[in-house]
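Text of target.cif (mmCIF, C-alpha atoms) as supplied:
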data_entry
#
loop_
_atom_site.label_atom_id
_atom_site.label_comp_id
_atom_site.auth_asym_id
_atom_site.auth_seq_id
_atom_site.Cartn_x
_atom_site.Cartn_y
_atom_site.Cartn_z
CA MET W 131 30.67 -64.06 12.13
CA MET W 132 27.23 -63.15 11.05
CA PHE W 133 25.80 -66.60 11.46
CA SER W 134 26.98 -67.03 15.01
CA ALA W 135 25.33 -63.76 15.86
CA VAL W 136 22.09 -65.06 14.37
CA VAL W 137 22.35 -68.27 16.34
CA ARG W 138 22.92 -66.29 19.49
CA LEU W 139 19.77 -64.34 18.82
CA SER W 140 17.74 -67.42 18.08
CA ALA W 141 18.93 -69.20 21.20
CA SER W 142 18.31 -66.55 23.82
CA GLY W 143 16.53 -63.72 22.03
CA ILE W 144 13.40 -65.51 20.97
CA ARG W 145 13.07 -67.18 24.35
CA SER W 146 13.19 -63.77 26.01
CA LEU W 147 10.54 -62.53 23.64
CA ALA W 148 8.37 -65.49 24.50
CA ARG W 149 8.87 -64.77 28.17
CA ALA W 150 7.39 -61.26 27.82
CA GLY W 151 3.87 -61.11 29.24
CA PRO W 152 0.72 -60.30 27.30
CA SER W 153 0.71 -56.65 26.13
CA TYR W 154 -1.87 -54.26 27.58
CA THR W 155 -5.01 -53.70 25.53
CA ALA W 156 -7.46 -51.08 26.72
CA PRO W 157 -11.03 -52.35 26.98
CA LEU W 158 -13.01 -50.84 24.13
CA ALA W 159 -15.91 -49.58 26.21
CA SER W 160 -14.11 -46.90 28.32
CA ARG W 161 -13.17 -43.60 26.64
CA CYS W 162 -11.46 -40.60 28.12
CA TYR W 163 -14.41 -38.17 28.07
CA SER W 164 -14.90 -35.52 30.70
CA HIS W 165 -17.44 -36.37 33.37
CA ALA W 166 -19.15 -32.98 33.17
CA LYS W 167 -22.76 -32.94 32.04
CA ALA W 168 -22.99 -31.85 28.41
CA GLU W 169 -25.58 -29.18 27.65
CA THR W 170 -28.44 -30.53 25.56
CA ASP W 171 -29.70 -28.74 22.46
CA GLU W 172 -32.86 -27.69 24.28
CA GLU W 173 -30.89 -26.19 27.14
CA PHE W 174 -28.69 -24.31 24.69
CA ASP W 175 -31.71 -22.92 22.84
CA ALA W 176 -33.46 -21.98 26.07
CA ARG W 177 -30.38 -20.18 27.34
CA TRP W 178 -30.12 -18.07 24.22
CA VAL W 179 -33.85 -17.33 24.05
CA THR W 180 -33.62 -16.11 27.62
CA TYR W 181 -30.58 -13.98 26.77
CA PHE W 182 -32.35 -12.11 23.99
CA SER W 183 -35.62 -11.92 25.89
CA LYS W 184 -34.21 -9.59 28.52
CA PRO W 185 -36.71 -6.69 28.53
CA ASP W 186 -34.08 -3.97 28.96
CA ILE W 187 -31.42 -5.54 26.77
CA ASP W 188 -29.01 -2.91 25.51
CA ALA W 189 -27.42 -2.50 22.12
CA TRP W 190 -24.07 -3.84 23.21
CA GLU W 191 -25.62 -7.01 24.62
CA LEU W 192 -27.52 -7.56 21.39
CA LYS W 193 -24.34 -7.14 19.33
CA LYS W 194 -22.30 -9.33 21.65
CA GLY W 195 -24.97 -12.01 21.69
CA MET W 196 -25.41 -12.08 17.93
CA ASN W 197 -21.69 -12.06 17.17
CA THR W 198 -21.11 -14.87 19.65
CA LEU W 199 -24.03 -16.90 18.31
CA ILE W 200 -22.79 -16.53 14.75
CA GLY W 201 -19.37 -17.67 15.92
CA TYR W 202 -20.74 -21.08 16.91
CA ASP W 203 -20.69 -24.01 14.50
CA LEU W 204 -24.47 -24.08 14.08
CA VAL W 205 -27.40 -22.20 12.59
CA PRO W 206 -29.58 -20.85 15.40
CA GLU W 207 -33.08 -22.21 15.87
CA PRO W 208 -36.03 -20.05 14.77
CA LYS W 209 -37.02 -19.43 18.37
CA ILE W 210 -33.63 -17.90 19.18
CA LEU W 211 -33.85 -15.68 16.10
CA ASP W 212 -37.38 -14.71 17.00
CA SER W 213 -36.15 -13.60 20.40
CA ALA W 214 -33.29 -11.66 18.81
CA LEU W 215 -35.59 -9.92 16.33
CA ARG W 216 -37.85 -8.84 19.13
CA ALA W 217 -34.81 -7.50 20.96
CA CYS W 218 -34.03 -5.44 17.84
CA ARG W 219 -37.58 -4.11 17.97
CA ARG W 220 -37.16 -3.05 21.59
CA LEU W 221 -33.96 -1.26 20.58
CA ASN W 222 -35.62 0.37 17.54
CA ASP W 223 -32.98 -1.17 15.27
CA LEU W 224 -34.47 -2.41 12.03
CA ALA W 225 -31.09 -2.58 10.23
CA SER W 226 -29.77 -5.11 12.74
CA ALA W 227 -32.90 -7.22 12.32
CA ILE W 228 -32.32 -7.45 8.57
CA ARG W 229 -28.62 -8.10 9.20
CA ILE W 230 -29.47 -11.04 11.46
CA LEU W 231 -31.46 -12.62 8.64
CA GLU W 232 -28.57 -12.11 6.23
CA ALA W 233 -26.14 -13.57 8.73
CA VAL W 234 -28.07 -16.81 9.26
CA LYS W 235 -28.46 -17.26 5.54
CA ASP W 236 -24.70 -16.90 5.17
CA LYS W 237 -24.18 -19.21 8.14
CA SER W 238 -26.10 -22.04 6.45
CA GLY W 239 -23.39 -22.18 3.83
CA PRO W 240 -24.01 -24.82 1.19
CA HIS W 241 -27.18 -26.09 2.91
CA LYS W 242 -29.58 -24.00 0.92
CA GLU W 243 -32.69 -25.50 2.47
CA ILE W 244 -32.08 -24.08 5.94
CA TYR W 245 -32.75 -20.41 5.23
CA PRO W 246 -36.17 -20.89 3.55
CA TYR W 247 -37.17 -23.04 6.52
CA LEU W 248 -36.12 -20.29 8.94
CA ILE W 249 -38.01 -17.63 7.00
CA GLN W 250 -41.06 -19.84 6.90
CA GLU W 251 -40.92 -20.33 10.67
CA LEU W 252 -40.26 -16.63 11.29
CA LYS W 253 -42.90 -15.37 8.84
CA PRO W 254 -45.47 -14.55 11.57
CA THR W 255 -42.88 -12.56 13.55
CA LEU W 256 -41.60 -10.77 10.47
CA GLN W 257 -45.09 -9.76 9.53
CA GLU W 258 -45.99 -8.73 13.05
CA LEU W 259 -42.94 -6.52 13.43
CA GLY W 260 -42.89 -5.32 9.83
CA ILE W 261 -39.38 -6.58 9.03
CA SER W 262 -38.67 -7.06 5.32
CA THR W 263 -36.44 -9.94 4.35
CA PRO W 264 -33.21 -9.19 2.46
CA GLU W 265 -34.84 -10.73 -0.63
CA GLU W 266 -37.76 -8.31 -0.43
CA LEU W 267 -35.33 -5.40 -0.24
CA GLY W 268 -33.22 -6.75 -3.09
CA ILE W 269 -29.97 -6.88 -1.11
CA ASP W 270 -29.56 -10.63 -1.49
CA GLN W 271 -28.18 -9.96 -4.96
CA ILE W 272 -25.24 -7.70 -5.72
CA MET L 679 25.75 14.58 20.05
CA LEU L 680 23.07 13.52 17.68
CA ILE L 681 19.72 15.12 18.30
CA SER L 682 17.22 13.20 16.28
CA LYS L 683 13.55 13.95 15.92
CA ALA L 684 12.77 11.74 12.97
CA PRO L 685 12.76 7.97 12.59
CA ASP L 686 16.36 6.99 12.10
CA LEU L 687 17.01 4.42 9.41
CA THR L 688 20.74 4.07 9.79
CA TYR L 689 20.81 3.44 13.49
CA SER L 690 18.66 1.02 15.38
CA ARG L 691 17.38 2.80 18.39
CA ALA L 692 16.45 1.16 21.64
CA TYR L 693 14.08 3.13 23.82
CA ILE L 694 15.29 2.33 27.26
CA ASN L 695 14.27 3.34 30.72
CA GLY L 696 16.55 1.07 32.70
CA PRO L 697 20.26 0.54 33.10
CA CYS L 698 22.88 -0.66 30.67
CA LEU L 699 22.45 -2.93 27.69
CA THR L 700 24.54 -5.93 26.88
CA HIS L 701 25.17 -5.55 23.15
CA PRO L 702 28.82 -6.51 22.90
CA LYS L 703 29.71 -4.17 20.10
CA ALA L 704 27.54 -1.28 21.12
CA ARG L 705 29.09 2.10 21.05
CA ARG L 706 26.56 3.67 23.31
CA GLN L 707 25.70 7.28 23.12
CA LEU L 708 23.39 8.92 25.52
CA VAL L 709 21.23 11.45 23.74
CA GLU L 710 19.11 13.87 25.65
CA ASN L 711 16.01 14.56 23.65
CA ASP L 712 12.80 15.94 25.13
CA SER L 713 13.75 14.47 28.47
CA ARG L 714 13.78 10.98 26.92
CA GLN L 715 16.97 9.02 26.63
CA PHE L 716 18.01 7.08 23.57
CA TYR L 717 20.81 4.58 23.37
CA ILE L 718 21.99 4.52 19.77
CA TYR L 719 23.70 1.45 18.28
CA PRO L 720 25.62 1.85 15.05
CA THR L 721 24.74 -0.77 12.49
CA LYS L 722 27.29 -2.29 10.17
CA MET L 723 26.66 0.56 7.76
CA LEU L 724 29.26 3.19 8.52
CA THR L 725 27.68 6.54 7.86
CA SER L 726 29.19 9.78 8.91
CA ARG L 727 27.42 11.77 11.55
CA ALA L 728 27.20 14.79 9.34
CA LEU L 729 25.40 12.85 6.64
CA ILE L 730 22.87 11.55 9.13
CA ARG L 731 22.26 14.97 10.55
CA GLY L 732 21.75 16.29 7.07
CA LEU L 733 19.31 13.54 6.16
CA GLN L 734 17.38 13.93 9.32
CA SER L 735 17.01 17.62 9.01
CA SER L 736 15.98 17.72 5.36
CA LEU L 737 14.34 14.50 4.24
CA TRP L 738 13.04 12.37 7.02
CA ARG L 739 11.15 14.97 8.93
CA SER L 740 8.43 14.86 6.33
CA VAL L 741 8.14 11.09 6.64
CA CYS L 742 7.36 10.91 10.29
CA SER L 743 3.77 11.46 11.17
CA THR L 744 3.43 10.66 14.84
CA SER L 745 2.51 13.77 16.72
CA ALA L 746 4.98 13.03 19.47
CA LEU L 747 7.90 13.57 17.12
CA GLN L 748 6.40 16.17 14.81
CA GLY L 749 6.67 19.33 16.77
CA SER L 750 5.46 22.08 14.52
CA HIS L 751 5.08 19.87 11.46
CA SER L 752 1.46 19.93 10.31
CA LYS L 753 1.17 17.37 7.50
CA VAL L 754 -0.69 14.38 8.94
CA VAL L 755 -1.58 11.08 7.27
CA ASP L 756 -5.14 9.74 7.64
CA VAL L 757 -5.17 8.71 11.29
CA ILE L 758 -7.70 6.23 12.69
CA ASP L 759 -8.50 6.76 16.35
CA CYS L 760 -8.08 3.22 17.65
CA SER L 761 -9.31 4.16 21.09
CA VAL L 762 -12.96 4.26 19.93
CA PRO L 763 -15.07 1.37 18.58
CA GLN L 764 -14.46 0.77 14.88
CA TYR L 765 -16.82 -0.25 12.12
CA ASN L 766 -15.85 -3.33 10.12
CA ASN L 767 -17.31 -5.46 7.35
CA ARG L 768 -16.87 -9.06 8.48
CA LEU L 769 -18.90 -12.12 7.69
CA ASP L 770 -18.34 -13.51 11.18
CA THR L 771 -19.36 -10.26 12.91
CA PRO L 772 -22.86 -9.42 11.71
CA LEU L 773 -23.26 -6.50 14.12
CA PRO L 774 -20.08 -4.37 14.27
CA ASP L 775 -19.17 -2.16 17.22
CA ARG L 776 -20.64 0.98 15.75
CA PRO L 777 -22.99 1.87 12.88
CA PHE L 778 -21.39 2.80 9.59
CA VAL L 779 -22.70 6.35 9.62
CA LYS L 780 -22.04 7.76 13.05
CA HIS L 781 -25.00 9.20 14.92
CA ASP L 782 -23.63 12.74 14.89
CA GLN L 783 -22.90 12.54 11.15
CA LEU L 784 -26.48 11.83 10.09
CA SER L 785 -28.13 14.33 7.80
CA ALA L 786 -31.42 15.93 8.79
CA GLU L 787 -33.56 13.54 6.79
CA GLN L 788 -31.60 10.59 8.07
CA LYS L 789 -32.32 11.77 11.60
CA LYS L 790 -36.00 12.03 10.73
CA LEU L 791 -35.91 8.49 9.46
CA LYS L 792 -34.29 7.35 12.69
CA GLU L 793 -37.18 8.91 14.58
CA LYS L 794 -39.66 7.15 12.33
CA GLU L 795 -37.87 3.91 13.10
CA LYS L 796 -39.06 4.18 16.70
CA ALA L 797 -42.65 3.78 15.57
CA SER L 798 -44.06 0.66 13.93
CA TRP L 799 -41.83 -0.61 11.16
CA LYS L 800 -44.85 -1.39 9.04
CA SER L 801 -45.08 2.32 8.32
CA LEU L 802 -41.66 2.28 6.66
CA SER L 803 -41.49 1.83 2.90
CA LYS L 804 -39.01 -0.53 1.31
CA GLU L 805 -36.75 2.37 0.32
CA GLU L 806 -36.79 3.69 3.87
CA GLN L 807 -35.93 0.29 5.28
CA LEU L 808 -33.10 0.01 2.77
CA ALA L 809 -31.88 3.50 3.72
CA LEU L 810 -31.85 2.52 7.39
CA TYR L 811 -29.86 -0.60 6.53
CA ARG L 812 -27.30 1.38 4.53
CA MET L 813 -26.93 3.91 7.32
CA THR L 814 -25.92 1.17 9.70
CA PHE L 815 -23.98 -1.14 7.38
CA GLU L 816 -21.62 -0.30 4.54
CA LEU L 817 -21.70 -3.63 2.70
CA THR L 818 -24.32 -6.36 2.51
CA TYR L 819 -23.29 -9.99 2.88
CA PRO L 820 -23.27 -10.67 -0.87
CA GLU L 821 -21.18 -7.54 -1.37
CA MET L 822 -18.72 -8.73 1.26
CA ARG L 823 -18.53 -12.14 -0.37
CA LYS L 824 -17.95 -10.75 -3.83
CA GLY L 825 -14.36 -11.11 -4.88
CA SER L 826 -12.48 -8.78 -7.16
CA ASP L 827 -10.66 -9.18 -10.46
CA GLU L 828 -7.41 -8.06 -8.94
CA TRP L 829 -5.82 -11.46 -9.54
CA LYS L 830 -6.07 -10.93 -13.28
CA THR L 831 -4.17 -7.67 -12.96
CA VAL L 832 -1.55 -9.32 -10.79
CA LEU L 833 -1.08 -12.27 -13.13
CA GLY L 834 -0.97 -9.97 -16.14
CA GLY L 835 1.66 -7.86 -14.46
CA VAL L 836 3.72 -10.91 -13.60
CA PHE L 837 3.68 -12.18 -17.20
CA PHE L 838 4.41 -8.73 -18.55
CA PHE L 839 7.52 -8.34 -16.44
CA MET L 840 8.61 -11.90 -17.16
CA GLY L 841 8.31 -11.10 -20.86
CA PHE L 842 10.26 -7.89 -20.42
CA THR L 843 12.95 -9.83 -18.61
CA GLY L 844 13.00 -12.27 -21.51
CA LEU L 845 13.67 -9.42 -23.90
CA LEU L 846 16.51 -8.22 -21.74
CA VAL L 847 18.00 -11.71 -21.62
CA TRP L 848 17.73 -12.02 -25.40
CA TRP L 849 19.45 -8.68 -25.92
CA GLN L 850 22.15 -9.76 -23.53
CA ARG L 851 22.66 -12.99 -25.47
CA VAL L 852 23.09 -11.08 -28.72
CA TYR L 853 25.09 -8.06 -27.60
CA VAL L 854 26.90 -9.00 -24.43
CA PHE L 855 27.96 -12.63 -24.57
CA GLY L 856 30.91 -13.60 -26.81
CA ASP L 857 31.09 -16.73 -28.94
CA VAL L 858 30.55 -20.16 -27.50
CA PRO L 859 33.83 -22.10 -26.86
CA HIS L 860 35.20 -24.06 -29.88
CA THR L 861 35.07 -27.24 -27.85
CA LEU L 862 31.30 -27.26 -28.31
CA SER L 863 31.46 -27.29 -32.13
CA ASP L 864 30.10 -30.38 -33.88
CA GLU L 865 33.53 -31.31 -35.23
CA TRP L 866 35.14 -31.22 -31.82
CA VAL L 867 32.29 -33.09 -30.11
CA GLU L 868 32.53 -35.87 -32.72
CA LYS L 869 36.20 -36.35 -32.07
CA GLN L 870 35.59 -36.12 -28.34
CA THR L 871 32.90 -38.75 -28.43
CA GLN L 872 35.10 -41.10 -30.42
CA ARG L 873 37.86 -40.63 -27.86
CA MET L 874 35.49 -41.35 -25.00
CA ILE L 875 34.37 -44.54 -26.71
CA ASP L 876 37.97 -45.57 -27.29
CA MET L 877 38.80 -44.90 -23.60
CA ARG L 878 35.75 -46.91 -22.52
CA ILE L 879 34.32 -44.19 -20.30
CA ASN L 880 31.95 -45.72 -17.71
CA PRO L 881 31.78 -49.11 -19.44
CA VAL L 882 29.49 -50.78 -16.88
CA ASN L 883 26.43 -48.55 -16.63
CA GLY L 884 27.42 -45.26 -18.25
CA PHE L 885 28.62 -43.82 -21.50
CA ALA L 886 30.56 -46.69 -23.14
CA SER L 887 28.00 -49.25 -22.02
CA GLN L 888 25.65 -47.70 -24.56
CA TRP L 889 28.07 -48.38 -27.45
CA ASP L 890 27.97 -51.71 -29.17
CA TYR L 891 31.64 -52.50 -29.85
CA GLU L 892 30.89 -55.36 -32.27
CA LYS L 893 28.47 -53.59 -34.50
CA LYS L 894 30.25 -50.26 -33.97
CA GLN L 895 27.04 -48.35 -33.32
CA TRP L 896 24.94 -47.13 -30.44
CA LYS L 897 22.82 -49.75 -28.75
#
Output the file's structure as structure tokens, nothing else.
Amino acid sequence: MMFSAVVRLSASGIRSLARAGPSYTAPLASRCYSHAKAETDEEFDARWVTYFSKPDIDAWELKKGMNTLIGYDLVPEPKILDSALRACRRLNDLASAIRILEAVKDKSGPHKEIYPYLIQELKPTLQELGISTPEELGIDQI
Amino acid sequence: MLISKAPDLTYSRAYINGPCLTHPKARRQLVENDSRQFYIYPTKMLTSRALIRGLQSSLWRSVCSTSALQGSHSKVVDVIDCSVPQYNNRLDTPLPDRPFVKHDQLSAEQKKLKEKEKASWKSLSKEEQLALYRMTFELTYPEMRKGSDEWKTVLGGVFFFMGFTGLLVWWQRVYVFGDVPHTLSDEWVEKQTQRMIDMRINPVNGFASQWDYEKKQWK
């Protein structure tokens, strides 16, 4: 019983398999990306610098901007932070300025070299505005 | 008719504005209470109406804390006004919706410091800058990140109660359980085993297959 079934398969089944056309293979070059223009890093930075540079920025906009920026999967560039710190100065909010520095240090996670770089780049601004770093105030340790 | 002012634990209450409900076993009672209407469904727990009324009047009134149901009751739990911006300590929200110490709760010297903040920050000492920070934020990032030792307490508690349970089980074994059946005694098990070998229990892969019938010993 079993053998006749096998013979039946071998006679017609394999032939029908052979008759099947070549299977479809997608060409490697085309991917299904969106055709929208992706924002470059420079455009992103410029957009955020402009956001914080608004002369009459209000406290809510500063908070919203910072919380959104920290929500992204990146550490902001020094120029964005510089703009944000100056916004804090316009709003007479020193605590938020120090908080921003803490937040970017936390944002760098295991990459311990990012924060010293940011402080080094921001040093002129920090000195100009008189902002102490969390380390200088001793709040980087418990 | 049940007039209930307190949260009712024996009946599930549906707060309804519209027409009828389709619960098949509902014994619906319309209760007029402060011009609101409650449809009350009895749960499987059969409690007498008098008991419920008694409970509601004596015990549960003190439990409810919403002002809508309190009436003249004045004991209130710590209520947070969720209609105003809240402060929170979150790593992903560096600047919360409001400062930690609210503006109208600042002391006189804190207010003076806030005025000084409007001038150049270079004139602020380190202590003053720290004070300004602490006015606005409760916890620093390292303080937020710091864990606690609560897990040790939890684990200790778990082991303690497991040990206590072990003591209870031991006591139970000694004082509650009777003797083990005689069919588990060594003598009986020996005879039983011999019988199983003689009967050739599971001779292919099981019990008797482990007995060597020529040498009369276990394989």
For chain W versus chain L, which residues have an atom no more than 7 Å away, and what is each residue's nearest atom pair and distance in Å rounded to one decimal, using all atoms listed in the file, chain-then-number order, as JSON lines?
{"residue": "W:Lys193", "atom": "CA", "partner": "L:Leu773", "partner_atom": "CA", "distance": 5.4}
{"residue": "W:Asn197", "atom": "CA", "partner": "L:Thr771", "partner_atom": "CA", "distance": 5.2}
{"residue": "W:Ile200", "atom": "CA", "partner": "L:Asp770", "partner_atom": "CA", "distance": 6.5}
{"residue": "W:Gly201", "atom": "CA", "partner": "L:Asp770", "partner_atom": "CA", "distance": 6.4}
{"residue": "W:Asn222", "atom": "CA", "partner": "L:Lys796", "partner_atom": "CA", "distance": 5.2}
{"residue": "W:Ala225", "atom": "CA", "partner": "L:Tyr811", "partner_atom": "CA", "distance": 4.4}
{"residue": "W:Ser226", "atom": "CA", "partner": "L:Leu773", "partner_atom": "CA", "distance": 6.8}
{"residue": "W:Arg229", "atom": "CA", "partner": "L:Pro772", "partner_atom": "CA", "distance": 6.4}
{"residue": "W:Ile230", "atom": "CA", "partner": "L:Pro772", "partner_atom": "CA", "distance": 6.8}
{"residue": "W:Glu232", "atom": "CA", "partner": "L:Tyr819", "partner_atom": "CA", "distance": 6.6}
{"residue": "W:Ala233", "atom": "CA", "partner": "L:Pro772", "partner_atom": "CA", "distance": 6.1}
{"residue": "W:Leu259", "atom": "CA", "partner": "L:Trp799", "partner_atom": "CA", "distance": 6.4}
{"residue": "W:Gly260", "atom": "CA", "partner": "L:Lys800", "partner_atom": "CA", "distance": 4.5}
{"residue": "W:Ile261", "atom": "CA", "partner": "L:Trp799", "partner_atom": "CA", "distance": 6.8}
{"residue": "W:Leu267", "atom": "CA", "partner": "L:Lys804", "partner_atom": "CA", "distance": 6.3}
{"residue": "W:Ile269", "atom": "CA", "partner": "L:Thr818", "partner_atom": "CA", "distance": 6.7}
{"residue": "W:Asp270", "atom": "CA", "partner": "L:Pro820", "partner_atom": "CA", "distance": 6.3}
{"residue": "W:Gln271", "atom": "CA", "partner": "L:Pro820", "partner_atom": "CA", "distance": 6.4}
{"residue": "W:Ile272", "atom": "CA", "partner": "L:Glu821", "partner_atom": "CA", "distance": 6.0}
What is the atom CA of Leu221 of chain W to atom CA of Asp188 of chain W distance in Å?
-> 7.2 Å
Do you have the atom CA of Glu806 of chain L-atom CA of Gln788 of chain L distance handy?
->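 Distance reported for this atom pair: 9.6 Å.
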Go through W:Thr263, W:Gln250, W:Ser213, W:Thr255 one by one, measure the shortest atom-to-atom distance of each to Thr180 of chain W using all atoms listed in the file, and give the residue with the smallest value.
->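 Counting all atoms listed in the file, the residue closest to Thr180 of chain W is W:Ser213.
Atom CA of Glu816 of chain L is positioned 21.1 Å from atom CA of Ser761 of chain L.
Counting only C-alpha atoms, the residue from W:Ala214, W:Ala168, W:Cys162, W:Ile249 that sits nearest to Tyr181 of chain W is W:Ala214.
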Give me the result of the PyMOL selection byres ((chain W and resi 203) around 12) on this file, residue by residue, as a list in words.
->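 Applied to this file, the PyMOL selection byres ((chain W and resi 203) around 12) returns Thr198, Leu199, Ile200, Gly201, Tyr202, Leu204, Val205, Pro206, Val234, Lys237, Ser238 and Gly239 of chain W; Asp770 of chain L.
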